[in-house]
$ cat my_file.cif   # mmCIF, C-alpha atoms (C1' of nucleotides) and all ligand atoms
data_query
#
loop_
_atom_site.label_atom_id
_atom_site.label_comp_id
_atom_site.auth_asym_id
_atom_site.auth_seq_id
_atom_site.Cartn_x
_atom_site.Cartn_y
_atom_site.Cartn_z
CA MET A 10 -7.83 0.21 28.18
CA ALA A 11 -7.22 -3.08 26.52
CA ARG A 12 -4.03 -2.45 24.60
CA PRO A 13 -1.75 0.02 26.38
CA ALA A 14 0.86 1.92 24.44
CA THR A 15 3.63 -0.03 26.11
CA ASP A 16 2.17 -3.23 24.73
CA PHE A 17 2.23 -1.67 21.27
CA ALA A 18 5.86 -0.68 21.70
CA THR A 19 7.12 -4.04 22.89
CA ARG A 20 5.13 -5.82 20.23
CA LEU A 21 6.92 -3.81 17.56
CA HIS A 22 10.36 -4.00 19.17
CA SER A 23 10.17 -7.74 19.63
CA GLN A 24 10.10 -8.12 15.89
CA GLY A 25 12.68 -5.51 15.03
CA PHE A 26 10.19 -2.82 14.11
CA ARG A 27 10.28 0.73 15.42
CA LEU A 28 7.86 2.87 17.30
CA THR A 29 7.44 6.18 15.53
CA PRO A 30 5.19 9.18 16.20
CA GLN A 31 3.52 8.51 12.84
CA ARG A 32 2.60 4.99 13.84
CA GLN A 33 1.30 6.13 17.20
CA LEU A 34 -0.89 8.80 15.64
CA ILE A 35 -2.29 6.43 13.02
CA MET A 36 -2.90 3.71 15.57
CA ASP A 37 -4.67 6.24 17.80
CA ALA A 38 -6.78 7.53 14.94
CA VAL A 39 -8.08 4.03 14.28
CA ARG A 40 -8.43 3.25 17.97
CA HIS A 41 -10.48 6.33 18.76
CA ALA A 42 -12.70 6.13 15.71
CA ALA A 43 -16.32 5.30 16.44
CA ARG A 44 -16.44 2.58 13.80
CA HIS A 45 -14.70 1.41 10.67
CA VAL A 46 -12.70 4.20 9.05
CA THR A 47 -11.35 4.78 5.56
CA PRO A 48 -7.70 5.65 4.87
CA ASP A 49 -8.88 9.12 3.98
CA GLU A 50 -10.56 9.61 7.33
CA VAL A 51 -7.43 8.41 9.08
CA TYR A 52 -5.38 10.82 7.01
CA ALA A 53 -7.67 13.70 7.96
CA ALA A 54 -7.44 12.90 11.66
CA VAL A 55 -3.67 12.45 11.60
CA HIS A 56 -3.16 15.51 9.45
CA ARG A 57 -4.91 17.63 12.07
CA GLN A 58 -2.27 16.59 14.61
CA ASN A 59 0.68 16.77 12.25
CA PRO A 60 0.31 18.12 8.69
CA ALA A 61 3.76 16.88 7.70
CA ILE A 62 2.69 13.25 7.62
CA SER A 63 2.23 12.06 4.08
CA ARG A 64 -0.53 9.98 2.56
CA ALA A 65 2.00 7.31 1.60
CA THR A 66 2.75 6.79 5.26
CA ILE A 67 -0.95 6.41 6.06
CA TYR A 68 -1.38 3.67 3.48
CA ARG A 69 1.85 1.91 4.35
CA THR A 70 1.15 2.04 8.05
CA LEU A 71 -2.40 0.76 7.75
CA ASP A 72 -1.06 -2.19 5.77
CA PHE A 73 1.63 -2.68 8.36
CA LEU A 74 -0.80 -2.62 11.28
CA CYS A 75 -2.94 -5.18 9.49
CA GLU A 76 -0.01 -7.52 9.10
CA MET A 77 0.77 -7.01 12.76
CA ARG A 78 -2.87 -7.89 13.33
CA LEU A 79 -3.36 -4.80 15.45
CA ILE A 80 -6.15 -3.57 13.20
CA HIS A 81 -8.66 -5.32 10.97
CA ALA A 82 -9.37 -4.54 7.35
CA LEU A 83 -12.60 -4.86 5.48
CA TYR A 84 -13.03 -4.34 1.75
CA TRP A 85 -16.40 -3.28 0.50
CA GLY A 86 -17.67 -1.41 -2.55
CA GLY A 87 -14.21 -0.54 -3.79
CA GLN A 88 -13.18 0.91 -0.43
CA MET A 89 -11.01 -0.29 2.40
CA TYR A 90 -12.24 0.11 5.95
CA TYR A 91 -10.19 -0.30 9.10
CA GLU A 92 -11.02 -0.96 12.70
CA ILE A 93 -9.04 -1.57 15.85
CA ALA A 94 -8.52 -5.23 16.64
CA ALA A 95 -10.83 -5.30 19.64
CA GLU A 96 -10.66 -7.52 22.68
CA GLN A 97 -13.84 -9.13 21.59
CA PRO A 98 -13.94 -10.44 18.06
CA HIS A 99 -17.02 -10.05 15.93
CA HIS A 100 -18.12 -10.66 12.38
CA HIS A 101 -20.11 -8.60 9.91
CA LEU A 102 -23.06 -9.13 7.68
CA VAL A 103 -22.77 -6.65 4.83
CA CYS A 104 -25.80 -6.00 2.65
CA ARG A 105 -24.90 -5.58 -1.01
CA GLY A 106 -28.25 -3.90 -1.58
CA CYS A 107 -28.15 -0.97 0.83
CA GLY A 108 -24.69 -1.32 2.33
CA VAL A 109 -25.90 -1.73 5.89
CA MET A 110 -23.36 -3.52 8.07
CA VAL A 111 -24.62 -5.62 10.95
CA GLU A 112 -22.40 -7.08 13.62
CA CYS A 113 -22.87 -10.69 14.53
CA ALA A 114 -21.62 -12.98 17.24
CA PRO A 115 -18.29 -14.74 16.73
CA ASP A 116 -19.47 -18.14 17.96
CA LEU A 117 -21.70 -18.33 14.93
CA LEU A 118 -18.73 -19.30 12.80
CA GLN A 119 -17.10 -21.59 15.31
CA ILE A 120 -18.58 -24.72 13.73
CA VAL A 121 -17.17 -23.76 10.35
CA VAL A 122 -13.80 -22.97 11.85
CA ASP A 123 -13.67 -26.36 13.52
CA VAL A 124 -14.72 -28.30 10.44
CA VAL A 125 -12.26 -26.49 8.19
CA GLU A 126 -9.53 -27.01 10.73
CA LYS A 127 -10.12 -30.76 10.79
CA LYS A 128 -10.96 -31.30 7.14
CA HIS A 129 -8.52 -28.94 5.44
CA ARG A 130 -5.98 -28.32 8.22
CA PHE A 131 -6.58 -24.65 7.57
CA THR A 132 -6.91 -22.09 10.37
CA ILE A 133 -9.55 -19.49 9.57
CA ASP A 134 -9.03 -15.98 10.92
CA MET A 135 -12.00 -16.02 13.17
CA ASP A 136 -11.73 -12.59 14.63
CA HIS A 137 -13.19 -10.49 11.84
CA VAL A 138 -15.01 -12.16 8.99
CA ALA A 139 -17.29 -10.32 6.59
CA LEU A 140 -20.14 -12.16 4.95
CA PHE A 141 -22.02 -10.55 2.10
CA GLY A 142 -25.66 -10.89 1.15
CA LEU A 143 -29.02 -9.16 1.37
CA CYS A 144 -30.65 -7.72 4.45
CA ARG A 145 -34.33 -8.22 5.26
CA HIS A 146 -35.28 -4.99 3.51
CA CYS A 147 -33.33 -5.55 0.34
CA ARG A 148 -34.15 -9.15 -0.39
CA GLY A 149 -37.63 -8.28 -1.65
CA GLN A 150 -36.47 -8.29 -5.24
CA GLY A 151 -33.47 -7.71 -7.46
CA LYS A 152 -32.42 -4.29 -6.28
CA LYS A 153 -29.47 -2.59 -7.83
CA SER A 154 -26.31 -2.86 -5.75
CA LYS A 155 -25.32 0.25 -3.85
CA LYS A 156 -21.94 0.43 -5.43
CA MET B 24 -22.50 -25.79 -21.59
CA ALA B 25 -24.30 -24.45 -18.60
CA ARG B 26 -25.15 -20.91 -19.60
CA PRO B 27 -25.81 -20.62 -23.33
CA ALA B 28 -25.41 -17.29 -25.06
CA THR B 29 -29.14 -17.01 -25.60
CA ASP B 30 -29.67 -17.20 -21.86
CA PHE B 31 -27.20 -14.34 -21.46
CA ALA B 32 -29.05 -12.26 -24.04
CA THR B 33 -32.52 -12.73 -22.58
CA ARG B 34 -31.24 -12.09 -19.10
CA LEU B 35 -29.92 -8.73 -20.21
CA HIS B 36 -32.90 -7.79 -22.35
CA SER B 37 -35.40 -8.63 -19.62
CA GLN B 38 -33.92 -5.83 -17.55
CA GLY B 39 -33.52 -3.28 -20.31
CA PHE B 40 -29.81 -3.89 -20.82
CA ARG B 41 -28.19 -4.51 -24.17
CA LEU B 42 -26.11 -7.30 -25.59
CA THR B 43 -22.95 -5.87 -27.10
CA PRO B 44 -19.93 -7.52 -28.70
CA GLN B 45 -17.82 -6.05 -25.87
CA ARG B 46 -19.92 -7.74 -23.23
CA GLN B 47 -19.85 -11.02 -25.07
CA LEU B 48 -16.07 -10.95 -25.42
CA ILE B 49 -15.55 -10.06 -21.78
CA MET B 50 -18.02 -12.68 -20.61
CA ASP B 51 -16.26 -15.27 -22.80
CA ALA B 52 -12.84 -14.27 -21.50
CA VAL B 53 -13.98 -14.93 -17.94
CA ARG B 54 -15.87 -18.06 -18.90
CA HIS B 55 -12.96 -19.67 -20.70
CA ALA B 56 -10.35 -18.74 -18.14
CA ALA B 57 -8.92 -21.66 -16.24
CA ARG B 58 -9.40 -19.98 -12.88
CA HIS B 59 -9.87 -16.59 -11.29
CA VAL B 60 -8.63 -13.81 -13.57
CA THR B 61 -7.60 -10.22 -13.00
CA PRO B 62 -9.04 -7.29 -14.98
CA ASP B 63 -5.71 -7.03 -16.70
CA GLU B 64 -5.80 -10.62 -17.87
CA VAL B 65 -9.31 -10.10 -19.16
CA TYR B 66 -8.16 -6.98 -20.96
CA ALA B 67 -5.29 -8.88 -22.59
CA ALA B 68 -7.57 -11.67 -23.80
CA VAL B 69 -10.21 -9.28 -25.11
CA HIS B 70 -7.63 -7.01 -26.68
CA ARG B 71 -6.34 -9.92 -28.73
CA GLN B 72 -9.77 -10.31 -30.28
CA ASN B 73 -10.49 -6.61 -30.65
CA PRO B 74 -7.83 -4.00 -29.88
CA ALA B 75 -10.38 -1.17 -30.00
CA ILE B 76 -11.97 -2.13 -26.72
CA SER B 77 -10.89 0.19 -23.96
CA ARG B 78 -9.81 -0.57 -20.43
CA ALA B 79 -12.68 1.51 -19.09
CA THR B 80 -15.10 -0.89 -20.73
CA ILE B 81 -13.35 -3.85 -19.14
CA TYR B 82 -13.69 -2.41 -15.66
CA ARG B 83 -17.24 -1.21 -16.16
CA THR B 84 -18.36 -4.49 -17.66
CA LEU B 85 -16.79 -6.63 -14.95
CA ASP B 86 -18.67 -4.55 -12.38
CA PHE B 87 -21.81 -4.88 -14.41
CA LEU B 88 -21.52 -8.65 -14.74
CA CYS B 89 -21.00 -8.88 -10.99
CA GLU B 90 -24.19 -6.97 -10.32
CA MET B 91 -25.96 -9.23 -12.77
CA ARG B 92 -24.47 -12.06 -10.72
CA LEU B 93 -23.12 -13.69 -13.86
CA ILE B 94 -19.59 -13.60 -12.50
CA HIS B 95 -18.13 -13.67 -9.00
CA ALA B 96 -15.59 -11.26 -7.60
CA LEU B 97 -12.92 -11.92 -5.05
CA TYR B 98 -10.68 -9.29 -3.50
CA TRP B 99 -7.33 -10.37 -2.22
CA GLY B 100 -3.99 -8.67 -1.64
CA GLY B 101 -5.07 -5.42 -3.27
CA GLN B 102 -6.29 -7.19 -6.42
CA MET B 103 -9.67 -8.07 -7.78
CA TYR B 104 -10.19 -11.54 -9.23
CA TYR B 105 -13.13 -12.68 -11.30
CA GLU B 106 -14.61 -16.05 -12.10
CA ILE B 107 -17.63 -17.29 -13.98
CA ALA B 108 -20.64 -17.93 -11.77
CA ALA B 109 -20.54 -21.68 -12.09
CA GLU B 110 -23.40 -24.13 -11.89
CA GLN B 111 -21.97 -25.48 -8.74
CA PRO B 112 -21.16 -22.97 -6.05
CA HIS B 113 -18.00 -23.28 -4.00
CA HIS B 114 -16.11 -21.35 -1.39
CA HIS B 115 -12.48 -20.51 -0.92
CA LEU B 116 -9.94 -20.73 1.82
CA VAL B 117 -7.31 -18.10 1.14
CA CYS B 118 -4.00 -18.29 2.99
CA ARG B 119 -2.69 -14.88 4.00
CA GLY B 120 0.76 -16.39 4.43
CA CYS B 121 1.49 -17.88 1.03
CA GLY B 122 -1.58 -16.87 -0.92
CA VAL B 123 -2.65 -20.40 -1.74
CA MET B 124 -6.35 -20.62 -2.53
CA VAL B 125 -8.15 -23.86 -1.73
CA GLU B 126 -11.66 -24.64 -2.83
CA CYS B 127 -14.04 -26.00 -0.29
CA ALA B 128 -17.50 -27.52 -0.38
CA PRO B 129 -20.51 -25.21 -0.25
CA ASP B 130 -22.46 -27.26 2.27
CA LEU B 131 -19.84 -26.36 4.84
CA LEU B 132 -21.42 -22.96 5.29
CA GLN B 133 -25.01 -24.09 5.12
CA ILE B 134 -25.36 -24.17 8.90
CA VAL B 135 -24.17 -20.58 9.15
CA VAL B 136 -26.45 -19.49 6.34
CA ASP B 137 -29.42 -21.05 8.11
CA VAL B 138 -28.64 -19.57 11.51
CA VAL B 139 -28.06 -16.09 10.11
CA GLU B 140 -31.25 -16.34 8.10
CA LYS B 141 -33.26 -17.17 11.19
CA LYS B 142 -31.48 -14.97 13.70
CA HIS B 143 -30.78 -11.87 11.61
CA ARG B 144 -33.22 -12.33 8.74
CA PHE B 145 -30.22 -11.80 6.49
CA THR B 146 -29.62 -13.89 3.35
CA ILE B 147 -25.94 -14.67 2.90
CA ASP B 148 -24.62 -15.00 -0.64
CA MET B 149 -23.76 -18.63 -0.34
CA ASP B 150 -22.39 -19.19 -3.81
CA HIS B 151 -18.91 -17.77 -3.44
CA VAL B 152 -17.56 -16.94 -0.01
CA ALA B 153 -13.89 -16.35 0.70
CA LEU B 154 -12.53 -17.11 4.13
CA PHE B 155 -9.05 -15.94 5.06
CA GLY B 156 -6.55 -17.57 7.37
CA LEU B 157 -3.42 -19.69 7.43
CA CYS B 158 -2.81 -22.94 5.59
CA ARG B 159 -1.16 -25.95 7.19
CA HIS B 160 2.28 -24.87 5.98
CA CYS B 161 2.08 -21.27 7.04
CA ARG B 162 0.63 -21.60 10.51
CA GLY B 163 3.95 -22.78 11.95
CA GLN B 164 4.78 -19.30 13.17
CA GLY B 165 4.25 -15.63 12.45
CA LYS B 166 5.22 -15.51 8.82
CA LYS B 167 5.14 -12.29 6.93
CA SER B 168 2.06 -11.88 4.75
CA LYS B 169 2.56 -12.40 1.05
CA LYS B 170 1.14 -9.02 0.14
"C1'" DC C 7 26.04 10.96 24.76
"C1'" DA C 8 28.20 10.24 20.19
"C1'" DA C 9 28.60 7.01 16.53
"C1'" DC C 10 26.41 3.63 13.78
"C1'" DT C 11 23.01 0.65 11.47
"C1'" DT C 12 19.07 0.38 8.98
"C1'" DA C 13 13.88 0.81 9.45
"C1'" DT C 14 10.94 4.37 8.25
"C1'" DT C 15 9.53 8.50 6.16
"C1'" DG C 16 8.42 12.33 2.59
"C1'" DC C 17 8.66 13.45 -1.94
"C1'" DA C 18 7.59 13.07 -6.59
"C1'" DA C 19 6.99 10.13 -10.36
"C1'" DC C 20 4.15 6.61 -11.57
"C1'" DC C 21 0.32 3.38 -12.50
"C1'" DA C 22 -4.31 1.36 -12.18
"C1'" DA C 23 -8.83 2.46 -12.05
"C1'" DT C 24 -12.79 5.84 -12.29
"C1'" DT C 25 -15.48 9.47 -14.39
"C1'" DG C 26 -17.64 13.21 -17.52
"C1'" DC C 27 -18.89 13.69 -21.90
"C1'" DA C 28 -19.79 13.40 -26.78
"C1'" DA C 29 -20.06 9.80 -30.28
"C1'" DT C 30 -21.84 5.34 -31.29
"C1'" DA C 31 -24.90 1.68 -31.89
"C1'" DA C 32 -28.48 -1.88 -29.77
"C1'" DG C 33 -33.05 -2.82 -29.84
"C1'" DG C 34 -37.87 -1.33 -30.34
"C1'" DC C 35 -41.20 0.47 -33.45
"C1'" DT C 36 -43.21 1.51 -37.52
"C1'" DA D 16 -35.32 -1.28 -44.05
"C1'" DG D 17 -35.28 3.36 -41.83
"C1'" DC D 18 -36.09 6.10 -37.62
"C1'" DC D 19 -35.84 6.93 -32.79
"C1'" DT D 20 -34.59 6.51 -27.99
"C1'" DT D 21 -31.15 5.96 -24.86
"C1'" DA D 22 -27.82 2.39 -23.07
"C1'" DT D 23 -23.14 1.78 -23.91
"C1'" DT D 24 -18.70 2.88 -25.48
"C1'" DG D 25 -14.03 5.28 -26.29
"C1'" DC D 26 -11.47 9.06 -25.17
"C1'" DA D 27 -9.07 12.04 -22.22
"C1'" DA D 28 -8.76 14.05 -17.86
"C1'" DT D 29 -8.65 12.89 -13.15
"C1'" DT D 30 -8.37 10.52 -8.90
"C1'" DG D 31 -6.55 7.43 -5.40
"C1'" DG D 32 -3.13 4.62 -4.20
"C1'" DT D 33 1.69 2.63 -4.92
"C1'" DT D 34 6.70 2.75 -5.46
"C1'" DG D 35 11.79 4.06 -5.91
"C1'" DC D 36 14.86 6.66 -3.72
"C1'" DA D 37 17.46 9.79 -0.88
"C1'" DA D 38 16.94 11.93 3.66
"C1'" DT D 39 15.69 11.17 8.35
"C1'" DA D 40 15.60 9.34 12.78
"C1'" DA D 41 14.66 5.00 16.09
"C1'" DG D 42 17.09 2.14 18.72
"C1'" DT D 43 21.52 -0.23 19.71
"C1'" DT D 44 26.30 -0.33 21.13
"C1'" DG D 45 30.30 1.34 23.40
MN MN E 1 -15.73 -4.83 12.49
MN MN E 2 -14.02 -19.27 -6.95
ZN ZN E 3 -29.96 -3.97 2.60
ZN ZN E 4 -0.06 -20.69 3.28
#

$ encode --input "my_file.cif" --output "structure tokens" --more "lines below"
Ligand SMILES: [Mn+2]
Ligand SMILES: [Mn+2]
Ligand SMILES: [Zn+2]
Ligand SMILES: [Zn+2]
Amino acid sequence: MARPATDFATRLHSQGFRLTPQRQLIMDAVRHAARHVTPDEVYAAVHRQNPAISRATIYRTLDFLCEMRLIHALYWGGQMYYEIAAEQPHHHLVCRGCGVMVECAPDLLQIVVDVVEKKHRFTIDMDHVALFGLCRHCRGQGKKSKK
Amino acid sequence: MARPATDFATRLHSQGFRLTPQRQLIMDAVRHAARHVTPDEVYAAVHRQNPAISRATIYRTLDFLCEMRLIHALYWGGQMYYEIAAEQPHHHLVCRGCGVMVECAPDLLQIVVDVVEKKHRFTIDMDHVALFGLCRHCRGQGKKSKK
DNA sequence: CAACTTATTGCAACCAATTGCAATAAGGCT
DNA sequence: AGCCTTATTGCAATTGGTTGCAATAAGTTG
């Protein structure tokens, strides 16, 4: 268990935010998801536990958790996807042909991070970068994009 | 003039697509924009030339031009931004604190592109990558995200 | 534990974007 | 130039997500 509930609570309180049952449920839904989840999937999971929670709260809370950097967001094909901010960072290679999403090692981008840091004095978020392109199967020829 | 209209036409025709006044106007609107533009800005510009053109066509055509790789898309802060696919590729550093968007040289990512190509047999789109993070001004402390 | 402040929520109105469908028109072929 | 096929468009309905606002309740203070 990398991020105990107490950690979550103190992290919120230290910045004047509050710990609510809604936030706990939404955080848990993302935490216990197998992989990246859509807002709709989060809503479904949360709704099962407590049908009174509104969609607006789902969207607002997912945004909020992103800003808190407790979850990561990924936009692809007109859809947002969320994932718990894991202990070990990773990046993604997203194929615009078939949509397949491969994980890749974080150290791969370290060189870029360092150069940008020095050259532009800009700190890249190096915990969850998505790079788009074509996978080995799709690069044969100009396939139509999945979405 | 890097991409003459005739080039545009043949590119469409060669794949069974058609050249319409709508597509030309939308393409021009993106081409002549100073920088990245939103669908709404494109709509405004096009609407000035021809008020009959619907919003649906704007959205559909921007998607279409992306798939044709004639324009580039960038998603940030819940908004899509479009830009002409220029002769010379470039990347962006987008600050999640203040929203400032810096251009950076394309060769910066070449190492990553090469490694990923070899290791994952995955071809990264290296003409327009956006990397998110914090600019020199915003990395002082935990500032609230702009959006 | 009661009173208080204000962050957070649910609701409903709202807005941007997508979609089904029938009308239109681009481009190919005589 | 006229005819034909079907890609593309405009329209209207719909969806998915956002926002203003009043009600609620988390956390603080005494
Ligand atoms: Mn991930
Ligand atoms: Mn750009
Ligand atoms: Zn693929
Ligand atoms: Zn900044």

$ atom_distance --input "my_file.cif" --atom1 "CA of Tyr52 (chain A)" --atom2 "CA of Met89 (chain A)"
13.3 Å

$ residues_near_ligand --input "my_file.cif" --ligand "ligand MN 2 (chain E)" --cutoff "12 Å" --atoms "all atoms listed in the file" --output "PyMOL selection string"
chain B and resi 53+56-60+94-98+104-117+124-129+149-154

$ residues_near_ligand --input "my_file.cif" --ligand "ligand ZN 3 (chain E)" --cutoff "7 Å" --atoms "only C-alpha atoms (C1' of nucleotides) and all ligand atoms" --output "PyMOL selection string"
chain A and resi 104-109+143-147

$ residues_around --input "my_file.cif" --residues "region 22-32 of chain C" --least-positions-apart "3" --cutoff "8 Å" --atoms "only C-alpha atoms (C1' of nucleotides)" --output "list in words"
Arg41, Leu42, Thr43 and Tyr82 of chain B; DA22, DT24, DT29 and DT30 of chain D

$ write_last_selection --input "my_file.cif" --atoms "C-alpha atoms (C1' of nucleotides)" --output "PDB file, keeping the file's coordinate frame"
ATOM      1  CA  ARG B  41     -28.190  -4.510 -24.170  1.00  0.00           C
ATOM      2  CA  LEU B  42     -26.110  -7.300 -25.590  1.00  0.00           C
ATOM      3  CA  THR B  43     -22.950  -5.870 -27.100  1.00  0.00           C
ATOM      4  CA  TYR B  82     -13.690  -2.410 -15.660  1.00  0.00           C
TER       5      TYR B  82
ATOM      6  C1'  DA D  22     -27.820   2.390 -23.070  1.00  0.00           C
ATOM      7  C1'  DT D  24     -18.700   2.880 -25.480  1.00  0.00           C
ATOM      8  C1'  DT D  29      -8.650  12.890 -13.150  1.00  0.00           C
ATOM      9  C1'  DT D  30      -8.370  10.520  -8.900  1.00  0.00           C
TER      10       DT D  30
END

$ interface_residues --input "my_file.cif" --of "chain C" --to "chain A" --cutoff "12 Å" --atoms "all atoms listed in the file" --output "list in words"
DT12, DA13, DT14, DT15, DG16, DC17, DA18, DA23 and DT24 of chain C

$ atom_distance --input "my_file.cif" --atom1 "CA of Leu21 (chain A)" --atom2 "CA of Glu50 (chain A)"
24.3 Å

$ atom_distance --input "my_file.cif" --atom1 "CA of Asp63 (chain B)" --atom2 "C1' of DG32 (chain D)"
17.3 Å

$ axis_aligned_box --input "my_file.cif" --around "region 13-32 of chain C" --padding-each-side "5 Å" --output "JSON"
{"center_x": -7.3, "center_y": 5.9, "center_z": -11.2, "size_x": 52.4, "size_y": 25.6, "size_z": 51.3}

$ closest_residue --input "my_file.cif" --among "B:Phe31, B:Phe87, B:Trp99, B:Phe155" --to "chain D" --atoms "all atoms listed in the file"
B:Phe87

$ closest_residue --input "my_file.cif" --among "A:Lys128, A:Ile133, A:Gln88, A:Gly149" --to "chain B" --atoms "only C-alpha atoms"
A:Ile133

$ closest_residue --input "my_file.cif" --among "A:Val51, A:Ile35, A:Ile67, A:Ile120" --to "chain D" --atoms "all atoms listed in the file"
A:Ile67

$ closest_residue --input "my_file.cif" --among "B:Cys89, B:Arg162, B:His36, B:Phe145" --to "chain D" --atoms "only C-alpha atoms (C1' of nucleotides)"
B:His36

$ residues_around --input "my_file.cif" --residues "DT11 (chain C)" --least-positions-apart "4" --cutoff "12 Å" --atoms "only C-alpha atoms (C1' of nucleotides)" --output "list in words"
DA40, DA41, DG42, DT43 and DT44 of chain D

$ residues_around --input "my_file.cif" --residues "DT34 (chain D)" --least-positions-apart "6" --cutoff "10 Å" --atoms "only C-alpha atoms (C1' of nucleotides)" --output "PyMOL selection string"
(chain A and resi 65) or (chain C and resi 19-21)
